[in-house]
Amino acid sequence: MFDTLTLAQLPPEDEALRPAVRAFIERHIAAIPLDRRARSWQGFSAEFSRALGEAGFLGLTLPKAYGGHGKGPFARFVVVEELLTAGAPVAAHWIADRQSAPLLLNFGTEAQRQKHIPAICRGEQLFCIGMSEPGSGSDLASVRTRAERTEKGWVVNGQKIWTTNAMHSDYMIALIRTSGTSADRQAGLSQLIIDLKAPGVTVRPIVDLTGDAHFAEVFFENVELGEDALVGAEGEGWKQVVAELAFERSGPERIYSSAVLLDAWIRHLQAVGRSDCAALVGRLTAELATLRAMSIACTARLVAGESPVVEASIVKDRGTGFEQELPLVIGDDLAAHPDEAVSEELYRTLLYVTHIAPSFSLRGGTREILRGIIARGMGLR
Amino acid sequence: MDINELLEPFVRMLDAAAAPATVRAIEHGGSPDALWSEIAESGFLDALVAEEHGGAGLSLAGIEPLIEALGARAVPLPVAETMLARAVLAQEGITAPEGPIVLVTSMTQPVPCGLVAKAALVDCGDELVLCDMAQLSPAPTGVTNGLAARISGTPDGIRLPRPASGLRAIAAVLRAALIAGAAARLCDVTTAYASERVQFGKPIGRQQSLQQMLALMAEDMIACRIAAQLGASQGIGPSLATAATAKITTSAAAPRIAASAHAVHGAIGISEEYDLQLLTRRLHEWRLADGSEGYWSQVLGAARLASPQPTVDWIRETVFA
């Protein structure tokens, strides 16, 4: 079962990227406090992303002809691993670099590629993904935002919600119904690029339980788009989205969301000289090491040119379970020693991760949806 | 060599020689000699022995799928242990004794397959000792159908240098691969059963609650496979950290996998005549052998806490070294 998902190694030429990206990160994030770093890939800094692009660490998997670096998914793994474990603020470029640019490369027209991919590689064009709607969460095929054909292109009406970074983004690639009705399910859906500065677009940030506003609701009222807004083929949106989600779900961001907290806790244990929780440290270390090997194995399927939809779901479900367990067991360990002082920074980091952790198994497909995908891969549905 | 060129004849041999009826007969006290002869004659026992010593010179990573195949068939003989022992002995220029060899990493814990072994390679703390099994007075544990043996006495025999991380680390990696193999087979048979067994007018595998449970089982199975492969990636002298990772992941998953397999099968799964129990009993035995997840978590955690490096850097440089 899932026989091709086996141990793989990062090639030396991609490992060679590590020292340079580490040096870059150290220069740029030394002043950011831990509880900000714990935002991981929800930490936003347009300046950091542009500097990262300038330093040559964006668009690693994209062709040189479009401003990328012509490397493979293993190179991206190395760079992303360094960014995430350090807690660098990567949100600004994250979606564009991970999903939008590969999507445009696979399905976009030459003009779309030229317009967007080089700017994405420079960290200058920021993208968001318009999927969820008020009535469409896990049941994505029920989206009701519509685009109608006009003489010049399309006119869009409807609403997206829970869209990560919509308020900072230049463009949204939205899953939209271009024919039929919700009853037609996956048929009749298309992906369109929407300029978020176009007349008729309203973006309202939504504040989350930690006080951050990393997602938003987006309203479309007679938004006029050109012919060139359509990505790929009309009515093929569902298939394209599924391929895109394999990119979203397979990366190391699904195992390292709580890495900053883990390191902060271990530094605390070392500072107070306590080893009564060595077994817990060992268990968590083994789990993280195994997840890393699983994530590299999944990356190897991307390298082989596959779209590892089921394999990515396996890594994401297990990885987010680990990310969610960390703040709970660390909180228990610290509070089990009530006479031991905990720094304010570690306490804030712990509570931030504790509060935001439910989102780990919501974003990019819920736990239950992923297990359904795995069960389908096992032939059970 | 393509792994399938190696694996296919091995699996064919095992399927013919170690059918469930044979496994049961040996567990019930029957002679393992015929099965051992088949395995010995296949030539695979010297897979890890260097070519200059007359072996196949394969790496542990290269033959890890063979160990999984042994685990998947609940083979009631210490085949992986013998392969490892023969390689270690050959390295020292020692001719291995004929017959099954077990690895003894504790004098106080039961030794899996101890009742069917002819010799033992014992970790005495400062050196390894190769001795006849009889010297250790192997005795049944009293667990029904168990082939593990209680041992006693002081081993006396050929002495050889102890590897840096001891015998327990490599033994743990072999256990991890056996667990991974049994886990894979349990996933296959449990998924197949869920697709066939009809209740409430449809296969039980159509129920979402079962699908979610089986998806988790598959995740554990994949984690076991990859952790075992990681353990085997450093050859027959793994670092403590790598061996610990392999054994913690597989030992922690083993009872969950066994529990899910039984939950899906219902009452028939716990009956003696149904093959499921051959595998689930071994999962529990292998979990406890050569250090459980608790033992190795202490070892790994102590090593981790001794380093000032960030966790992922430390993992990369020790576990993935």
# chains A, B, ... in the order shown; residues from 1 in each chain; ligands from 1
$ residues_around --residues "Arg267 in chain A" --least-positions-apart "5" --cutoff "10 Å" --atoms "only C-alpha atoms" --output "number ranges by chain"
A: 261-262, 272-273, 346; B: 305, 307-310
$ write_last_selection --atoms "N, CA and C atoms" --output "JSON list (two decimals), in the first residue's frame"
[["chain", "number", "residue", "atom", "x", "y", "z"],
["A", 261, "LEU", "N", 8.49, 27.01, 19.20],
["A", 261, "LEU", "CA", 8.10, 26.71, 20.58],
["A", 261, "LEU", "C", 8.92, 25.54, 21.14],
["A", 262, "LEU", "N", 9.07, 24.49, 20.33],
["A", 262, "LEU", "CA", 9.83, 23.32, 20.78],
["A", 262, "LEU", "C", 11.25, 23.72, 21.19],
["A", 272, "VAL", "N", 17.40, 25.73, 33.09],
["A", 272, "VAL", "CA", 17.11, 25.41, 34.49],
["A", 272, "VAL", "C", 17.74, 24.08, 34.89],
["A", 273, "GLY", "N", 18.35, 23.40, 33.94],
["A", 273, "GLY", "CA", 19.07, 22.16, 34.24],
["A", 273, "GLY", "C", 18.15, 21.01, 34.63],
["A", 346, "LEU", "N", 8.69, 32.96, 26.51],
["A", 346, "LEU", "CA", 8.29, 31.57, 26.33],
["A", 346, "LEU", "C", 6.81, 31.38, 26.64],
["B", 305, "LEU", "N", 18.97, 16.69, 24.93],
["B", 305, "LEU", "CA", 19.09, 17.76, 25.93],
["B", 305, "LEU", "C", 20.55, 18.14, 26.18],
["B", 307, "SER", "N", 22.67, 18.78, 23.92],
["B", 307, "SER", "CA", 23.19, 19.60, 22.82],
["B", 307, "SER", "C", 22.54, 20.97, 22.79],
["B", 308, "PRO", "N", 23.33, 22.03, 22.56],
["B", 308, "PRO", "CA", 22.75, 23.38, 22.49],
["B", 308, "PRO", "C", 22.12, 23.69, 21.12],
["B", 309, "GLN", "N", 22.23, 22.77, 20.17],
["B", 309, "GLN", "CA", 21.72, 23.06, 18.82],
["B", 309, "GLN", "C", 20.19, 23.13, 18.81],
["B", 310, "PRO", "N", 19.63, 23.88, 17.85],
["B", 310, "PRO", "CA", 18.18, 23.81, 17.62],
["B", 310, "PRO", "C", 17.79, 22.38, 17.20]]
$ select_by_dssp --residues "range 105-235 of chain A" --states "strand (DSSP E)" --output "ChimeraX atom specification"
/A:127-130,146-149,153-164,171-177,189-195,201-206,215-226,230-231
$ write_last_selection --atoms "C-alpha atoms" --output "short mmCIF file (atom, residue, chain, number, x, y, z; two decimals), in the first residue's frame"
data_model
loop_
_atom_site.label_atom_id
_atom_site.label_comp_id
_atom_site.auth_asym_id
_atom_site.auth_seq_id
_atom_site.Cartn_x
_atom_site.Cartn_y
_atom_site.Cartn_z
CA PHE A 127 -1.13 36.21 -4.29
CA CYS A 128 -3.97 34.73 -2.29
CA ILE A 129 -6.16 31.74 -3.03
CA GLY A 130 -9.94 32.21 -3.13
CA ARG A 146 -20.11 33.16 -10.40
CA ALA A 147 -18.38 34.56 -13.45
CA GLU A 148 -20.52 35.30 -16.52
CA ARG A 149 -19.12 35.74 -20.00
CA GLY A 153 -14.17 38.79 -20.76
CA TRP A 154 -15.93 38.04 -17.49
CA VAL A 155 -18.00 39.70 -14.81
CA VAL A 156 -17.75 38.25 -11.29
CA ASN A 157 -20.28 38.38 -8.46
CA GLY A 158 -20.12 36.66 -5.10
CA GLN A 159 -18.03 36.35 -1.97
CA LYS A 160 -14.99 34.52 -0.62
CA ILE A 161 -14.11 34.18 3.06
CA TRP A 162 -11.24 33.00 5.30
CA THR A 163 -8.89 34.01 2.49
CA THR A 164 -5.36 34.12 3.91
CA TYR A 171 -4.08 39.12 -6.95
CA MET A 172 -6.41 36.31 -6.03
CA ILE A 173 -6.66 33.06 -7.94
CA ALA A 174 -10.26 32.14 -7.25
CA LEU A 175 -12.28 28.97 -7.77
CA ILE A 176 -15.44 30.23 -9.43
CA ARG A 177 -18.52 28.75 -11.10
CA LEU A 189 -15.83 25.36 -12.03
CA SER A 190 -12.91 27.43 -13.29
CA GLN A 191 -9.94 29.32 -11.86
CA LEU A 192 -9.72 33.05 -12.54
CA ILE A 193 -7.06 35.61 -11.67
CA ILE A 194 -8.65 38.64 -10.01
CA ASP A 195 -6.81 41.93 -9.61
CA VAL A 201 -13.67 44.28 -5.04
CA THR A 202 -13.98 44.88 -1.29
CA VAL A 203 -11.60 43.22 1.18
CA ARG A 204 -12.36 43.16 4.91
CA PRO A 205 -9.79 41.68 7.28
CA ILE A 206 -11.06 39.26 9.96
CA PHE A 215 -7.41 36.22 6.79
CA ALA A 216 -10.21 38.25 5.26
CA GLU A 217 -13.56 38.23 3.53
CA VAL A 218 -13.63 39.40 -0.06
CA PHE A 219 -16.73 40.68 -1.89
CA PHE A 220 -17.13 40.84 -5.67
CA GLU A 221 -19.75 43.20 -7.08
CA ASN A 222 -19.85 43.24 -10.89
CA VAL A 223 -16.07 42.93 -11.06
CA GLU A 224 -15.05 43.08 -14.72
CA LEU A 225 -12.16 40.89 -15.82
CA GLY A 226 -10.47 40.52 -19.21
CA LEU A 230 -9.05 32.49 -17.01
CA VAL A 231 -6.32 30.06 -15.87
#
$ residues_around --residues "Phe322 in chain A" --least-positions-apart "2" --cutoff "10 Å" --atoms "only C-alpha atoms" --output "PyMOL selection string"
chain A and resi 254-258+284+287-288+291+316-320+324-327+360
$ closest_residue --among "A:Thr85, A:Thr210, A:Ser49, A:Thr61" --to "chain B" --atoms "only C-alpha atoms"
A:Thr85
$ residues_around --residues "Phe74 in chain A" --least-positions-apart "5" --cutoff "10 Å" --atoms "only C-alpha atoms" --output "list in words"
Gln9, Leu10, Pro11, Glu13, Asp14, Glu15, Leu60, Thr61, Val79, Val80, Ile296, Thr299, Ala300, Leu302 and Val303 of chain A
$ closest_residue --among "B:Tyr295, B:Trp286, B:Tyr193, B:Trp314" --to "Asp263 in chain A" --atoms "only C-alpha atoms"
B:Trp314
$ atom_distance --atom1 "CA of Leu147 in chain B" --atom2 "CA of Pro76 in chain B"
7.5 Å
$ interface_residues --of "chain A" --to "chain B" --cutoff "9 Å" --atoms "only C-alpha atoms" --output "JSON, numbers by chain"
{"A": [1, 2, 5, 6, 7, 81, 85, 259, 262, 263, 264, 266, 267, 269, 270, 275, 277, 278, 279, 280, 281, 282, 283, 284, 285, 286, 287, 288, 289, 290, 291, 292, 293, 294, 297, 314, 315, 317, 318, 368, 370, 371, 372, 373, 374, 375, 376, 378, 379, 380, 381]}
$ write_last_selection --atoms "C-alpha atoms" --output "JSON list (two decimals), in the first residue's frame"
[["chain", "number", "residue", "atom", "x", "y", "z"],
["A", 1, "MET", "CA", 0.00, 0.00, 0.00],
["A", 2, "PHE", "CA", 1.44, 3.38, -1.06],
["A", 5, "LEU", "CA", 6.50, 6.38, -0.44],
["A", 6, "THR", "CA", 9.93, 5.33, 0.81],
["A", 7, "LEU", "CA", 12.99, 6.91, 2.42],
["A", 81, "GLU", "CA", 13.06, 24.05, 6.26],
["A", 85, "THR", "CA", 12.47, 26.35, 11.80],
["A", 259, "ALA", "CA", 9.23, 24.29, 15.91],
["A", 262, "LEU", "CA", 9.83, 23.32, 20.78],
["A", 263, "ASP", "CA", 13.27, 24.95, 20.65],
["A", 264, "ALA", "CA", 12.30, 27.61, 23.18],
["A", 266, "ILE", "CA", 14.30, 22.89, 25.21],
["A", 267, "ARG", "CA", 16.42, 25.99, 25.83],
["A", 269, "LEU", "CA", 14.98, 22.99, 30.18],
["A", 270, "GLN", "CA", 18.70, 23.40, 29.55],
["A", 275, "SER", "CA", 16.00, 16.45, 32.65],
["A", 277, "CYS", "CA", 11.15, 15.06, 31.00],
["A", 278, "ALA", "CA", 13.92, 13.47, 28.88],
["A", 279, "ALA", "CA", 11.55, 10.72, 27.73],
["A", 280, "LEU", "CA", 9.05, 13.29, 26.49],
["A", 281, "VAL", "CA", 11.82, 15.19, 24.69],
["A", 282, "GLY", "CA", 12.98, 11.93, 23.14],
["A", 283, "ARG", "CA", 9.52, 10.91, 21.99],
["A", 284, "LEU", "CA", 8.88, 14.30, 20.38],
["A", 285, "THR", "CA", 12.32, 14.30, 18.77],
["A", 286, "ALA", "CA", 11.71, 10.85, 17.24],
["A", 287, "GLU", "CA", 8.31, 11.90, 15.98],
["A", 288, "LEU", "CA", 9.73, 15.03, 14.36],
["A", 289, "ALA", "CA", 12.62, 13.09, 12.81],
["A", 290, "THR", "CA", 10.19, 10.54, 11.35],
["A", 291, "LEU", "CA", 7.95, 13.30, 10.02],
["A", 292, "ARG", "CA", 10.96, 14.95, 8.39],
["A", 293, "ALA", "CA", 11.80, 11.67, 6.66],
["A", 294, "MET", "CA", 8.16, 11.31, 5.57],
["A", 297, "ALA", "CA", 9.77, 11.02, 0.93],
["A", 314, "ILE", "CA", -0.76, 11.34, 5.03],
["A", 315, "VAL", "CA", 2.13, 13.65, 5.91],
["A", 317, "ASP", "CA", -2.52, 14.77, 8.85],
["A", 318, "ARG", "CA", 0.25, 13.22, 10.92],
["A", 368, "GLU", "CA", -11.52, 14.65, 8.34],
["A", 370, "LEU", "CA", -7.67, 14.41, 4.47],
["A", 371, "ARG", "CA", -8.51, 11.08, 6.09],
["A", 372, "GLY", "CA", -11.30, 10.68, 3.56],
["A", 373, "ILE", "CA", -8.75, 11.24, 0.77],
["A", 374, "ILE", "CA", -6.44, 8.64, 2.33],
["A", 375, "ALA", "CA", -9.34, 6.17, 2.65],
["A", 376, "ARG", "CA", -10.12, 6.72, -1.04],
["A", 378, "MET", "CA", -6.89, 2.73, 0.14],
["A", 379, "GLY", "CA", -9.84, 1.79, -2.08],
["A", 380, "LEU", "CA", -12.43, 2.20, 0.68],
["A", 381, "ARG", "CA", -14.56, 4.81, -1.10]]
$ atom_distance --atom1 "CA of Ala187 in chain A" --atom2 "CA of Glu234 in chain A"
9.8 Å
$ residues_around --residues "Val104 in chain B" --least-positions-apart "4" --cutoff "12 Å" --atoms "only C-alpha atoms" --output "ChimeraX atom specification"
/B:78,81-82,85,108-114,117,119-125,128-131,133,136,138,148-152,155,166-172,289-291
$ write_last_selection --atoms "N, CA and C atoms" --output "compact mmCIF listing (two decimals), in the first residue's frame"
# COMPACT_ATOMS: atom_id res chain seq x y z
N PRO B 78 14.66 -16.60 14.08
CA PRO B 78 15.40 -15.33 14.12
C PRO B 78 16.24 -15.13 12.86
N GLU B 81 18.03 -11.61 12.71
CA GLU B 81 19.08 -11.61 13.73
C GLU B 81 20.28 -12.44 13.26
N THR B 82 19.99 -13.59 12.64
CA THR B 82 21.08 -14.44 12.17
C THR B 82 21.86 -13.76 11.05
N ALA B 85 24.07 -11.30 12.78
CA ALA B 85 25.14 -11.95 13.54
C ALA B 85 26.21 -12.50 12.60
N THR B 108 17.98 -10.26 31.39
CA THR B 108 16.80 -10.38 32.26
C THR B 108 15.48 -10.38 31.49
N GLN B 109 15.49 -9.93 30.24
CA GLN B 109 14.25 -9.89 29.45
C GLN B 109 14.16 -11.14 28.58
N PRO B 110 12.92 -11.59 28.26
CA PRO B 110 12.78 -12.73 27.35
C PRO B 110 13.40 -12.40 25.98
N VAL B 111 14.03 -13.41 25.37
CA VAL B 111 14.67 -13.23 24.06
C VAL B 111 13.75 -13.80 22.98
N PRO B 112 13.24 -12.96 22.07
CA PRO B 112 12.36 -13.47 21.00
C PRO B 112 13.03 -14.60 20.22
N CYS B 113 12.29 -15.66 19.94
CA CYS B 113 12.78 -16.83 19.19
C CYS B 113 13.89 -17.57 19.95
N GLY B 114 14.04 -17.28 21.23
CA GLY B 114 15.08 -17.94 22.01
C GLY B 114 14.89 -19.45 22.09
N ALA B 117 16.47 -21.10 18.81
CA ALA B 117 17.82 -20.71 18.39
C ALA B 117 18.83 -21.77 18.77
N ALA B 119 22.27 -20.72 18.68
CA ALA B 119 23.40 -19.95 19.22
C ALA B 119 22.92 -18.56 19.58
N ALA B 120 23.75 -17.85 20.36
CA ALA B 120 23.40 -16.49 20.76
C ALA B 120 24.64 -15.61 20.64
N LEU B 121 24.41 -14.39 20.17
CA LEU B 121 25.44 -13.37 20.21
C LEU B 121 25.02 -12.42 21.33
N VAL B 122 25.82 -12.38 22.40
CA VAL B 122 25.41 -11.70 23.63
C VAL B 122 26.22 -10.42 23.83
N ASP B 123 25.51 -9.33 24.10
CA ASP B 123 26.19 -8.08 24.44
C ASP B 123 26.48 -8.10 25.93
N CYS B 124 27.76 -8.24 26.29
CA CYS B 124 28.13 -8.33 27.71
C CYS B 124 28.57 -6.99 28.28
N GLY B 125 28.29 -5.91 27.53
CA GLY B 125 28.61 -4.58 28.06
C GLY B 125 29.94 -4.05 27.59
N LEU B 128 31.32 -8.55 22.95
CA LEU B 128 30.27 -9.48 22.53
C LEU B 128 30.80 -10.90 22.73
N VAL B 129 29.88 -11.80 23.08
CA VAL B 129 30.26 -13.20 23.24
C VAL B 129 29.33 -14.06 22.39
N LEU B 130 29.95 -14.95 21.60
CA LEU B 130 29.17 -15.90 20.82
C LEU B 130 29.16 -17.23 21.58
N CYS B 131 27.97 -17.71 21.90
CA CYS B 131 27.92 -18.97 22.65
C CYS B 131 26.79 -19.86 22.15
N MET B 133 23.38 -21.76 22.46
CA MET B 133 22.15 -21.36 23.16
C MET B 133 22.00 -22.16 24.45
N LEU B 136 22.85 -20.84 27.84
CA LEU B 136 21.99 -19.83 28.48
C LEU B 136 20.73 -20.46 29.07
N PRO B 138 17.89 -21.86 27.90
CA PRO B 138 16.63 -21.22 27.49
C PRO B 138 15.42 -21.95 28.05
N ALA B 148 9.60 -16.95 22.68
CA ALA B 148 10.63 -16.23 23.43
C ALA B 148 11.12 -17.11 24.58
N ALA B 149 12.36 -16.90 24.99
CA ALA B 149 12.94 -17.73 26.06
C ALA B 149 13.47 -16.85 27.18
N ARG B 150 13.26 -17.34 28.40
CA ARG B 150 13.98 -16.78 29.55
C ARG B 150 15.38 -17.39 29.52
N ILE B 151 16.39 -16.60 29.86
CA ILE B 151 17.75 -17.12 29.84
C ILE B 151 18.43 -16.86 31.17
N SER B 152 19.51 -17.59 31.41
CA SER B 152 20.25 -17.40 32.66
C SER B 152 21.69 -17.87 32.45
N PRO B 155 27.39 -16.25 29.81
CA PRO B 155 27.81 -16.76 28.51
C PRO B 155 29.33 -16.88 28.41
N GLY B 166 26.67 -0.60 20.78
CA GLY B 166 26.19 -1.84 21.38
C GLY B 166 25.32 -2.64 20.43
N LEU B 167 24.92 -3.82 20.90
CA LEU B 167 24.09 -4.69 20.07
C LEU B 167 22.63 -4.25 20.08
N ARG B 168 22.26 -3.54 21.16
CA ARG B 168 20.85 -3.18 21.31
C ARG B 168 20.39 -2.22 20.21
N ALA B 169 21.29 -1.33 19.78
CA ALA B 169 20.88 -0.36 18.76
C ALA B 169 20.55 -1.06 17.44
N ILE B 170 21.43 -1.95 17.00
CA ILE B 170 21.15 -2.63 15.73
C ILE B 170 19.98 -3.60 15.89
N ALA B 171 19.88 -4.24 17.07
CA ALA B 171 18.73 -5.13 17.30
C ALA B 171 17.43 -4.35 17.22
N ALA B 172 17.45 -3.11 17.75
CA ALA B 172 16.25 -2.27 17.71
C ALA B 172 15.87 -1.93 16.27
N ALA B 289 10.66 -5.86 22.82
CA ALA B 289 12.01 -6.42 22.72
C ALA B 289 13.04 -5.34 22.41
N ASP B 290 14.22 -5.49 22.99
CA ASP B 290 15.36 -4.60 22.71
C ASP B 290 15.05 -3.13 22.99
N GLY B 291 14.23 -2.90 24.00
CA GLY B 291 13.90 -1.53 24.40
C GLY B 291 12.61 -1.05 23.78
$ residues_around --residues "Gly266 in chain B" --least-positions-apart "2" --cutoff "12 Å" --atoms "only C-alpha atoms" --output "list in words"
Thr190, Tyr193, Ala194, Arg197, Gln199, Ile204, Ala259, Ser260, Ala261, His262, Ala263, Val264, Ile268, Gly269, Ile270, Ser271, Tyr274 and Leu276 of chain B
$ write_last_selection --atoms "C-alpha atoms" --output "PDB file, in the first residue's frame"
ATOM      1  CA  THR B 190      -7.681  -5.152   7.476  1.00  0.00           C
ATOM      2  CA  TYR B 193     -11.705  -7.297   5.345  1.00  0.00           C
ATOM      3  CA  ALA B 194     -13.426  -3.910   5.723  1.00  0.00           C
ATOM      4  CA  ARG B 197     -17.561  -7.633   5.542  1.00  0.00           C
ATOM      5  CA  GLN B 199     -23.224  -5.002   7.974  1.00  0.00           C
ATOM      6  CA  ILE B 204     -18.286  -1.779   6.874  1.00  0.00           C
ATOM      7  CA  ALA B 259      -5.747  -2.497  18.117  1.00  0.00           C
ATOM      8  CA  SER B 260      -7.209  -1.119  14.870  1.00  0.00           C
ATOM      9  CA  ALA B 261      -6.758  -4.434  13.079  1.00  0.00           C
ATOM     10  CA  HIS B 262      -8.655  -6.224  15.830  1.00  0.00           C
ATOM     11  CA  ALA B 263     -11.322  -3.537  16.099  1.00  0.00           C
ATOM     12  CA  VAL B 264     -12.144  -3.840  12.392  1.00  0.00           C
ATOM     13  CA  ILE B 268     -13.077 -13.547  14.481  1.00  0.00           C
ATOM     14  CA  GLY B 269      -9.796 -11.612  14.733  1.00  0.00           C
ATOM     15  CA  ILE B 270      -9.084 -12.872  18.227  1.00  0.00           C
ATOM     16  CA  SER B 271      -9.771 -16.519  17.371  1.00  0.00           C
ATOM     17  CA  TYR B 274      -7.654 -16.847  12.191  1.00  0.00           C
ATOM     18  CA  LEU B 276      -4.534 -12.087  12.351  1.00  0.00           C
TER      19      LEU B 276
END
